[in-house]
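Structure file protein01.tsv with TSV, C-alpha atoms:
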```
chain	number	residue	atom	x	y	z
A	1	MET	CA	-0.77	25.23	-22.45
A	2	HIS	CA	-1.22	21.71	-23.81
A	3	SER	CA	-4.59	20.75	-25.22
A	4	LEU	CA	-6.31	17.41	-24.64
A	5	ASN	CA	-6.84	15.36	-27.78
A	6	PHE	CA	-9.03	12.25	-27.74
A	7	THR	CA	-7.69	9.53	-30.03
A	8	SER	CA	-10.19	6.68	-29.56
A	9	GLU	CA	-13.42	5.86	-27.75
A	10	SER	CA	-15.28	2.70	-26.76
A	11	SER	CA	-18.04	1.78	-24.32
A	12	SER	CA	-18.93	-1.37	-22.40
A	13	HIS	CA	-20.59	-2.34	-19.12
A	14	GLY	CA	-21.78	1.22	-18.47
A	15	ILE	CA	-18.32	2.79	-18.89
A	16	THR	CA	-16.94	4.93	-21.71
A	17	GLU	CA	-13.19	4.61	-22.23
A	18	ARG	CA	-11.41	7.37	-24.14
A	19	ASP	CA	-7.71	7.39	-24.95
A	20	PHE	CA	-6.16	10.85	-25.06
A	21	THR	CA	-2.92	12.73	-25.30
A	22	VAL	CA	-1.84	15.92	-23.54
A	23	GLY	CA	1.18	17.08	-25.50
A	24	ASP	CA	3.10	13.84	-26.03
A	25	VAL	CA	1.82	12.17	-22.84
A	26	PRO	CA	-0.73	9.37	-23.45
A	27	GLY	CA	-3.58	8.75	-21.04
A	28	VAL	CA	-7.01	7.22	-20.66
A	29	LEU	CA	-10.23	8.66	-19.24
A	30	TRP	CA	-12.99	6.38	-17.96
A	31	SER	CA	-16.44	7.96	-17.47
A	32	PRO	CA	-20.05	6.86	-16.94
A	33	ALA	CA	-21.51	5.89	-20.32
A	34	SER	CA	-24.85	7.41	-19.36
A	35	GLY	CA	-23.54	10.92	-19.98
A	36	ALA	CA	-24.65	12.16	-16.57
A	37	GLY	CA	-23.81	15.68	-15.43
A	38	ARG	CA	-20.64	16.85	-13.74
A	39	ALA	CA	-18.90	14.46	-11.39
A	40	PRO	CA	-15.67	14.45	-9.38
A	41	LEU	CA	-12.43	13.43	-11.06
A	42	ILE	CA	-10.06	10.82	-9.64
A	43	LEU	CA	-6.49	10.81	-10.95
A	44	MET	CA	-4.75	7.44	-10.61
A	45	GLY	CA	-1.02	6.75	-10.69
A	46	HIS	CA	0.02	3.28	-11.84
A	47	GLY	CA	2.71	1.11	-10.29
A	48	GLY	CA	6.29	0.63	-11.42
A	49	GLY	CA	6.69	-1.47	-14.55
A	50	ASN	CA	2.96	-1.15	-15.32
A	51	HIS	CA	0.95	1.22	-17.51
A	52	LYS	CA	-2.24	3.25	-17.71
A	53	LYS	CA	-4.48	0.28	-18.68
A	54	HIS	CA	-2.90	-2.33	-16.42
A	55	PRO	CA	-5.62	-4.61	-14.99
A	56	ALA	CA	-5.20	-2.98	-11.57
A	57	MET	CA	-5.91	0.43	-13.07
A	58	ALA	CA	-8.85	-0.75	-15.17
A	59	GLY	CA	-10.31	-2.64	-12.21
A	60	ARG	CA	-10.06	0.30	-9.82
A	61	ALA	CA	-11.50	2.60	-12.47
A	62	ARG	CA	-14.48	0.30	-12.94
A	63	LEU	CA	-15.22	0.41	-9.20
A	64	LEU	CA	-14.96	4.19	-9.08
A	65	VAL	CA	-17.05	4.81	-12.20
A	66	ASN	CA	-19.76	2.22	-11.61
A	67	GLY	CA	-19.76	2.66	-7.85
A	68	CYS	CA	-19.99	6.46	-7.65
A	69	GLY	CA	-20.14	7.86	-11.16
A	70	PHE	CA	-16.65	9.36	-10.94
A	71	HIS	CA	-14.45	10.23	-13.90
A	72	VAL	CA	-11.09	8.45	-13.65
A	73	ALA	CA	-7.90	9.34	-15.53
A	74	VAL	CA	-4.49	7.66	-15.74
A	75	ILE	CA	-1.42	8.73	-17.72
A	76	ASP	CA	1.59	6.62	-18.58
A	77	ALA	CA	4.54	7.55	-16.39
A	78	PRO	CA	7.82	8.41	-18.15
A	79	GLY	CA	9.43	5.29	-19.59
A	80	HIS	CA	6.25	3.24	-19.09
A	81	GLY	CA	3.38	2.01	-21.25
A	82	ASP	CA	3.36	3.71	-24.64
A	83	ARG	CA	6.28	5.98	-23.76
A	84	PRO	CA	9.84	5.13	-24.81
A	85	ARG	CA	12.50	4.30	-22.26
A	86	SER	CA	15.48	6.59	-21.97
A	87	PRO	CA	19.04	5.30	-21.49
A	88	TYR	CA	18.66	6.25	-17.81
A	89	ASP	CA	15.49	4.15	-17.57
A	90	GLU	CA	17.30	1.17	-19.05
A	91	GLN	CA	20.23	1.65	-16.66
A	92	GLU	CA	18.08	1.79	-13.54
A	93	ILE	CA	15.89	-1.14	-14.59
A	94	ALA	CA	18.97	-3.26	-15.28
A	95	GLU	CA	20.38	-2.33	-11.87
A	96	LEU	CA	17.08	-3.28	-10.20
A	97	PHE	CA	17.06	-6.68	-11.89
A	98	ARG	CA	20.70	-7.23	-10.96
A	99	ALA	CA	20.00	-6.45	-7.28
A	100	ARG	CA	16.92	-8.65	-7.30
A	101	ALA	CA	18.84	-11.60	-8.77
A	102	ALA	CA	21.62	-11.11	-6.20
A	103	GLY	CA	19.18	-10.94	-3.29
A	104	GLU	CA	20.19	-7.37	-2.48
A	105	PRO	CA	17.78	-4.71	-1.16
A	106	GLU	CA	15.73	-3.09	-3.91
A	107	GLY	CA	14.71	-0.05	-1.91
A	108	PRO	CA	17.67	2.26	-2.61
A	109	ILE	CA	17.36	1.72	-6.35
A	110	VAL	CA	13.56	2.08	-6.45
A	111	VAL	CA	13.62	5.22	-4.29
A	112	ARG	CA	16.27	6.85	-6.48
A	113	TYR	CA	14.62	5.90	-9.77
A	114	ASN	CA	11.12	6.84	-8.66
A	115	ALA	CA	12.35	10.24	-7.46
A	116	HIS	CA	13.75	10.84	-10.94
A	117	LEU	CA	10.45	9.81	-12.55
A	118	ALA	CA	8.50	12.08	-10.19
A	119	GLU	CA	10.53	15.10	-11.28
A	120	LEU	CA	9.39	14.44	-14.84
A	121	ALA	CA	5.84	13.28	-14.09
A	122	VAL	CA	4.61	15.98	-11.69
A	123	PRO	CA	4.52	18.74	-14.36
A	124	GLU	CA	2.80	16.27	-16.71
A	125	TRP	CA	0.11	15.58	-14.13
A	126	ARG	CA	-0.47	19.31	-13.65
A	127	ALA	CA	-0.86	19.81	-17.41
A	128	THR	CA	-3.20	16.81	-17.60
A	129	LEU	CA	-5.36	18.11	-14.76
A	130	ASP	CA	-5.50	21.54	-16.43
A	131	ALA	CA	-6.68	19.93	-19.67
A	132	LEU	CA	-9.22	17.60	-18.06
A	133	GLN	CA	-10.79	20.43	-16.08
A	134	ARG	CA	-11.57	22.21	-19.34
A	135	LEU	CA	-14.01	19.39	-20.18
A	136	PRO	CA	-17.61	20.44	-19.40
A	137	GLN	CA	-18.41	17.17	-17.61
A	138	ILE	CA	-15.54	17.76	-15.17
A	139	GLY	CA	-15.09	21.53	-14.88
A	140	ALA	CA	-12.58	23.65	-13.03
A	141	ASP	CA	-14.56	23.88	-9.78
A	142	GLY	CA	-15.28	20.20	-9.11
A	143	PRO	CA	-13.50	18.07	-6.50
A	144	VAL	CA	-10.42	16.09	-7.53
A	145	GLY	CA	-8.86	13.08	-5.82
A	146	TYR	CA	-5.61	11.19	-6.30
A	147	TYR	CA	-5.15	7.42	-5.95
A	148	GLY	CA	-1.72	5.84	-6.33
A	149	ILE	CA	0.11	2.94	-4.68
A	150	ASN	CA	3.82	2.03	-4.97
A	151	MET	CA	5.28	4.20	-7.76
A	152	GLY	CA	1.91	5.93	-7.85
A	153	THR	CA	2.73	7.15	-4.34
A	154	ALA	CA	6.28	8.17	-5.29
A	155	ILE	CA	4.86	10.43	-8.00
A	156	GLY	CA	1.63	11.30	-6.21
A	157	VAL	CA	3.08	12.64	-2.96
A	158	PRO	CA	5.14	15.44	-4.56
A	159	PHE	CA	2.29	16.13	-6.99
A	160	VAL	CA	-0.33	16.43	-4.25
A	161	ALA	CA	2.03	18.38	-1.96
A	162	GLY	CA	2.16	21.17	-4.52
A	163	GLU	CA	-1.33	20.90	-6.00
A	164	PRO	CA	-4.14	22.65	-4.07
A	165	ARG	CA	-6.83	21.23	-6.36
A	166	ILE	CA	-6.47	17.74	-4.86
A	167	ALA	CA	-8.96	17.36	-2.00
A	168	ALA	CA	-8.38	13.75	-0.85
A	169	ALA	CA	-5.86	11.02	-1.65
A	170	VAL	CA	-5.10	7.33	-1.25
A	171	PHE	CA	-1.40	6.39	-1.01
A	172	GLY	CA	0.65	3.44	0.18
A	173	GLN	CA	3.50	0.96	-0.10
A	174	HIS	CA	6.57	3.14	-0.46
A	175	TRP	CA	9.67	4.13	1.47
A	176	PRO	CA	9.82	7.44	3.41
A	177	GLU	CA	13.17	8.54	1.99
A	178	VAL	CA	12.58	11.55	-0.29
A	179	LEU	CA	8.81	11.49	0.34
A	180	ALA	CA	8.60	12.25	4.08
A	181	GLY	CA	9.42	15.94	3.72
A	182	GLN	CA	6.88	16.34	0.93
A	183	ALA	CA	4.26	14.38	2.88
A	184	SER	CA	4.65	16.83	5.76
A	185	ARG	CA	3.15	19.50	3.47
A	186	ILE	CA	-0.01	17.48	2.81
A	187	THR	CA	-2.99	18.26	5.04
A	188	ILE	CA	-5.92	16.80	3.06
A	189	PRO	CA	-7.64	13.56	4.16
A	190	ILE	CA	-5.45	10.52	3.47
A	191	GLU	CA	-6.01	6.78	3.37
A	192	PHE	CA	-2.74	4.82	3.49
A	193	ASP	CA	-2.18	1.15	2.65
A	194	MET	CA	0.75	-0.98	3.76
A	195	GLN	CA	1.62	-4.66	4.02
A	196	TRP	CA	2.69	-5.75	7.50
A	197	ASP	CA	5.00	-8.46	6.15
A	198	ASP	CA	6.38	-6.52	3.16
A	199	GLU	CA	9.68	-8.10	2.14
A	200	HIS	CA	10.90	-4.90	0.44
A	201	ILE	CA	9.61	-2.04	2.59
A	202	PRO	CA	10.41	-2.52	6.30
A	203	ARG	CA	7.43	-2.12	8.59
A	204	ALA	CA	9.06	0.84	10.33
A	205	SER	CA	9.56	2.56	6.96
A	206	GLY	CA	5.92	2.22	6.01
A	207	LEU	CA	4.83	3.56	9.38
A	208	ALA	CA	7.29	6.45	9.11
A	209	LEU	CA	5.82	7.59	5.80
A	210	PHE	CA	2.28	7.38	7.17
A	211	ASP	CA	3.36	9.36	10.22
A	212	ALA	CA	4.91	12.08	8.03
A	213	PHE	CA	1.59	13.26	6.58
A	214	ALA	CA	0.31	16.39	8.30
A	215	SER	CA	-3.33	15.53	7.62
A	216	LYS	CA	-5.75	15.86	10.54
A	217	GLU	CA	-7.66	12.94	9.06
A	218	LYS	CA	-5.46	10.07	7.97
A	219	THR	CA	-6.27	6.39	8.21
A	220	LEU	CA	-3.77	3.53	8.17
A	221	HIS	CA	-4.80	0.24	6.56
A	222	ALA	CA	-2.20	-2.37	7.51
A	223	ASN	CA	-2.82	-5.84	6.14
A	224	SER	CA	-0.91	-9.03	6.76
A	225	GLY	CA	0.96	-10.36	3.77
A	226	ARG	CA	3.86	-9.61	1.47
A	227	HIS	CA	4.42	-6.72	-0.90
A	228	LYS	CA	2.28	-7.98	-3.77
A	229	GLU	CA	-0.49	-9.34	-1.55
A	230	LEU	CA	-2.39	-6.07	-0.96
A	231	PRO	CA	-6.00	-7.26	-0.60
A	232	ARG	CA	-8.35	-6.36	-3.42
A	233	PHE	CA	-10.87	-5.08	-0.91
A	234	GLU	CA	-8.62	-2.09	-0.34
A	235	ALA	CA	-9.81	-0.84	-3.73
A	236	ASP	CA	-13.39	-1.07	-2.44
A	237	SER	CA	-12.31	0.92	0.60
A	238	ALA	CA	-10.82	3.62	-1.64
A	239	VAL	CA	-14.17	4.02	-3.42
A	240	LEU	CA	-15.94	4.51	-0.08
A	241	PHE	CA	-13.22	6.94	1.02
A	242	PHE	CA	-13.66	9.18	-2.03
A	243	ALA	CA	-17.45	8.86	-1.91
A	244	ARG	CA	-17.47	10.05	1.70
A	245	HIS	CA	-15.26	13.06	1.09
A	246	PHE	CA	-16.88	14.08	-2.18
A	247	GLY	CA	-20.47	13.63	-1.04
A	248	ARG	CA	-21.32	10.83	-3.46
A	249	ALA	CA	-23.64	7.93	-2.87
A	250	VAL	CA	-22.35	4.47	-3.74
A	251	THR	CA	-24.92	3.52	-6.35
A	252	ALA	CA	-23.64	0.07	-7.34
A	253	GLN	CA	-22.33	-2.90	-5.41
A	254	ILE	CA	-18.54	-2.72	-5.22
```
Please rewrite the model in this file as structure tokens.
Amino acid sequence: MHSLNFTSESSSHGITERDFTVGDVPGVLWSPASGAGRAPLILMGHGGGNHKKHPAMAGRARLLVNGCGFHVAVIDAPGHGDRPRSPYDEQEIAELFRARAAGEPEGPIVVRYNAHLAELAVPEWRATLDALQRLPQIGADGPVGYYGINMGTAIGVPFVAGEPRIAAAVFGQHWPEVLAGQASRITIPIEFDMQWDDEHIPRASGLALFDAFASKEKTLHANSGRHKELPRFEADSAVLFFARHFGRAVTAQI
């Protein structure tokens, strides 16, 4: 059992930010600075090539904390952020850049590499959730959500498929290869984002992954635009989604 060790703490704009480690995995926990009682926990998976404090992660965390008083945690995926790259990481990244420069499809490389990262990251997420739930302000009996797009979906789908503590999730923007079978084991409420004009993920592939989820309640958000043009208002929608399923009022404008 890995313990959670806080390594730094700061507060601003009503949010307390605490860096932590669980074993050798670095993460960050954002919480309301007011020190209110227990609140639901949202785990967020960052995108490929990014890290736990990427502006997208910090921005979504701010909406979730200030909007509903949630706790929000992100860990660096293997080979990302403050974690060293392995020779395999370097090999796959070089192959991705080569394919991109040659105008070749990126999907087969991303799917393969992300599946490898998921094998490593899923046990780390379980250990992190175990450790976070030992905090009194979170607790072992409170609701937990998962929010991850792109690589956050590649890691999140297998994690959520085998983790009964996750009660609702937001996914999106990934290929169905590898993930479809795991998605078929997920029955919790799902919100799914995709870009209708995605130049990397064919429209039929995005729809196939959405269709694979066995959830009775699943909502597709399909926006016009290319892969990196996911509208920022989808983050607002995610806050409302978690607030609805976890019985929280939205207390601040999002």
Polymer residues at most 12 Å from range 97-100 of chain A, all atoms listed in the file, same-chain spacing of 6 or more positions, as a PDB file with C-alpha atoms, in the frame of the given file:
```pdb
ATOM      1  CA  GLY A  49       6.690  -1.470 -14.550  1.00  0.00           C
ATOM      2  CA  GLU A  90      17.300   1.170 -19.050  1.00  0.00           C
ATOM      3  CA  GLN A  91      20.230   1.650 -16.660  1.00  0.00           C
ATOM      4  CA  GLU A 106      15.730  -3.090  -3.910  1.00  0.00           C
ATOM      5  CA  GLY A 107      14.710  -0.050  -1.910  1.00  0.00           C
ATOM      6  CA  PRO A 108      17.670   2.260  -2.610  1.00  0.00           C
ATOM      7  CA  ILE A 109      17.360   1.720  -6.350  1.00  0.00           C
ATOM      8  CA  VAL A 110      13.560   2.080  -6.450  1.00  0.00           C
ATOM      9  CA  GLU A 199       9.680  -8.100   2.140  1.00  0.00           C
ATOM     10  CA  HIS A 200      10.900  -4.900   0.440  1.00  0.00           C
TER      11      HIS A 200
END
```
Given only C-alpha atoms, how would the per-residue table for range 104-177 of chain A near range 209-212 of chain A read, listing every residue at most 8 Å away with its closest atom pair and distance in Å to one decimal, sorted by chain and number, as CSV?
```
residue,atom,partner,partner_atom,distance
A:His174,CA,A:Leu209,CA,7.7
A:Trp175,CA,A:Leu209,CA,6.7
A:Pro176,CA,A:Leu209,CA,4.7
```
Using 9 Å as the limit and counting all atoms listed in the file, can you tabulate each residue of range 179-248 of chain A that touches range 29-48 of chain A, with its shortest atom-to-atom distance in Å and the two atoms involved, as CSV?
```
residue,atom,partner,partner_atom,distance
A:Phe242,CA,A:Ile42,CA,8.6
A:Phe246,CA,A:Pro40,CA,7.3
A:Arg248,CA,A:Pro40,CA,8.9
```
Could you jot down the CA of Trp196 in chain A to CA of Leu179 in chain A separation for me, Å, one decimal place?
19.6 Å
Given only C-alpha atoms as the counted atoms, nearest of A:Asp76, A:Asp130, A:Glu163, A:Asp236 to Leu64 in chain A
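Comparing A:Asp76, A:Asp130, A:Glu163, A:Asp236 against Leu64 in chain A, the winner is A:Asp236.
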Residue with smallest distance to Met57 in chain A - pool A:Arg18, A:Ser205, A:Ala73, A:Phe159, counting all atoms listed in the file:
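Smallest separation from Met57 in chain A among the options: A:Ala73.
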Taking only residues of range 25-66 of chain A that have an atom at most 10 Å from an atom of range 222-234 of chain A, what is each one's shortest atom pair and its distance in Å to one decimal, using only C-alpha atoms, in chain and number order, as a Markdown table?
```
| residue | atom | partner | partner_atom | distance |
| --- | --- | --- | --- | --- |
| A:Ala56 | CA | A:Arg232 | CA | 9.4 |
| A:Gly59 | CA | A:Arg232 | CA | 9.7 |
| A:Arg60 | CA | A:Arg232 | CA | 9.4 |
```
Considering all atoms listed in the file, state which residue in the set A:Val25, A:Ala238, A:Ala249, A:Val157 is at the smallest distance from Ala61 in chain A.
A:Ala238
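The spacing separating CA of Gly206 in chain A from CA of Leu63 in chain A amounts to 26.1 Å.
When only C-alpha atoms are used to measure the gap to Pro189 in chain A, the shortest distance among A:His80, A:His51, A:His245, A:Arg165 belongs to A:His245.
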If we count all atoms listed in the file, what is near Ala168 in chain A at a cut-off of 12 Å, once residues fewer than 4 positions away on the same chain are taken out, given as an MDAnalysis selection string?
chainID A and resid 40:43 143:148 156:157 160:161 163:164 186:192 215:219 238:246
Counting only C-alpha atoms, what is within 7 Å of Pro26 in chain A, bar same-chain residues fewer than 2 positions away, as number ranges by chain?
A: 20-22, 24, 75-76
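Closest approach to Leu135 in chain A among A:Leu4, A:Val122, A:Leu207, A:Ala101: A:Leu4, based on only C-alpha atoms.
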Quick check, in Å to one decimal: how far apart do CA of Ser184 in chain A and CA of Gly139 in chain A lie?
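One can read the CA of Ser184 in chain A to CA of Gly139 in chain A distance as 28.9 Å.
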Counting all atoms listed in the file, which residue out of A:Arg126, A:Leu117, A:Thr16, A:His71 sits closest to Arg85 in chain A?
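Distance minimum relative to Arg85 in chain A lands on A:Leu117.
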Complete range 112-134 of chain A with N, CA and C atoms (output as a tab-separated table (two decimals), keeping the file's coordinate frame).
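Resulting contents of rebuild14.tsv:
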```
chain	number	residue	atom	x	y	z
A	112	ARG	N	15.53	5.93	-5.60
A	112	ARG	CA	16.27	6.85	-6.48
A	112	ARG	C	15.59	6.99	-7.84
A	113	TYR	N	15.23	5.87	-8.44
A	113	TYR	CA	14.62	5.90	-9.77
A	113	TYR	C	13.25	6.57	-9.75
A	114	ASN	N	12.45	6.24	-8.74
A	114	ASN	CA	11.12	6.84	-8.66
A	114	ASN	C	11.18	8.35	-8.42
A	115	ALA	N	12.19	8.80	-7.66
A	115	ALA	CA	12.35	10.24	-7.46
A	115	ALA	C	12.65	10.94	-8.79
A	116	HIS	N	13.46	10.30	-9.61
A	116	HIS	CA	13.75	10.84	-10.94
A	116	HIS	C	12.47	10.91	-11.78
A	117	LEU	N	11.69	9.83	-11.78
A	117	LEU	CA	10.45	9.81	-12.55
A	117	LEU	C	9.47	10.86	-12.05
A	118	ALA	N	9.42	11.08	-10.74
A	118	ALA	CA	8.50	12.08	-10.19
A	118	ALA	C	8.84	13.48	-10.68
A	119	GLU	N	10.13	13.79	-10.78
A	119	GLU	CA	10.53	15.10	-11.28
A	119	GLU	C	9.97	15.35	-12.67
A	120	LEU	N	9.92	14.32	-13.49
A	120	LEU	CA	9.39	14.44	-14.84
A	120	LEU	C	7.86	14.41	-14.87
A	121	ALA	N	7.27	13.55	-14.01
A	121	ALA	CA	5.84	13.28	-14.09
A	121	ALA	C	4.97	14.34	-13.44
A	122	VAL	N	5.45	15.00	-12.39
A	122	VAL	CA	4.61	15.98	-11.69
A	122	VAL	C	4.15	17.10	-12.62
A	123	PRO	N	5.02	17.72	-13.42
A	123	PRO	CA	4.52	18.74	-14.36
A	123	PRO	C	3.54	18.16	-15.38
A	124	GLU	N	3.73	16.91	-15.76
A	124	GLU	CA	2.80	16.27	-16.71
A	124	GLU	C	1.43	16.09	-16.09
A	125	TRP	N	1.40	15.72	-14.81
A	125	TRP	CA	0.11	15.58	-14.13
A	125	TRP	C	-0.59	16.93	-14.01
A	126	ARG	N	0.16	17.99	-13.74
A	126	ARG	CA	-0.47	19.31	-13.65
A	126	ARG	C	-1.08	19.71	-14.99
A	127	ALA	N	-0.34	19.48	-16.08
A	127	ALA	CA	-0.86	19.81	-17.41
A	127	ALA	C	-2.09	18.96	-17.74
A	128	THR	N	-2.06	17.69	-17.35
A	128	THR	CA	-3.20	16.81	-17.60
A	128	THR	C	-4.42	17.27	-16.83
A	129	LEU	N	-4.24	17.62	-15.56
A	129	LEU	CA	-5.36	18.11	-14.76
A	129	LEU	C	-5.92	19.41	-15.36
A	130	ASP	N	-5.04	20.31	-15.78
A	130	ASP	CA	-5.50	21.54	-16.43
A	130	ASP	C	-6.40	21.21	-17.62
A	131	ALA	N	-5.95	20.28	-18.45
A	131	ALA	CA	-6.68	19.93	-19.67
A	131	ALA	C	-8.00	19.24	-19.35
A	132	LEU	N	-7.99	18.32	-18.41
A	132	LEU	CA	-9.22	17.60	-18.06
A	132	LEU	C	-10.27	18.54	-17.46
A	133	GLN	N	-9.84	19.51	-16.70
A	133	GLN	CA	-10.79	20.43	-16.08
A	133	GLN	C	-11.44	21.38	-17.08
A	134	ARG	N	-10.92	21.42	-18.30
A	134	ARG	CA	-11.57	22.21	-19.34
A	134	ARG	C	-12.73	21.45	-20.00
```
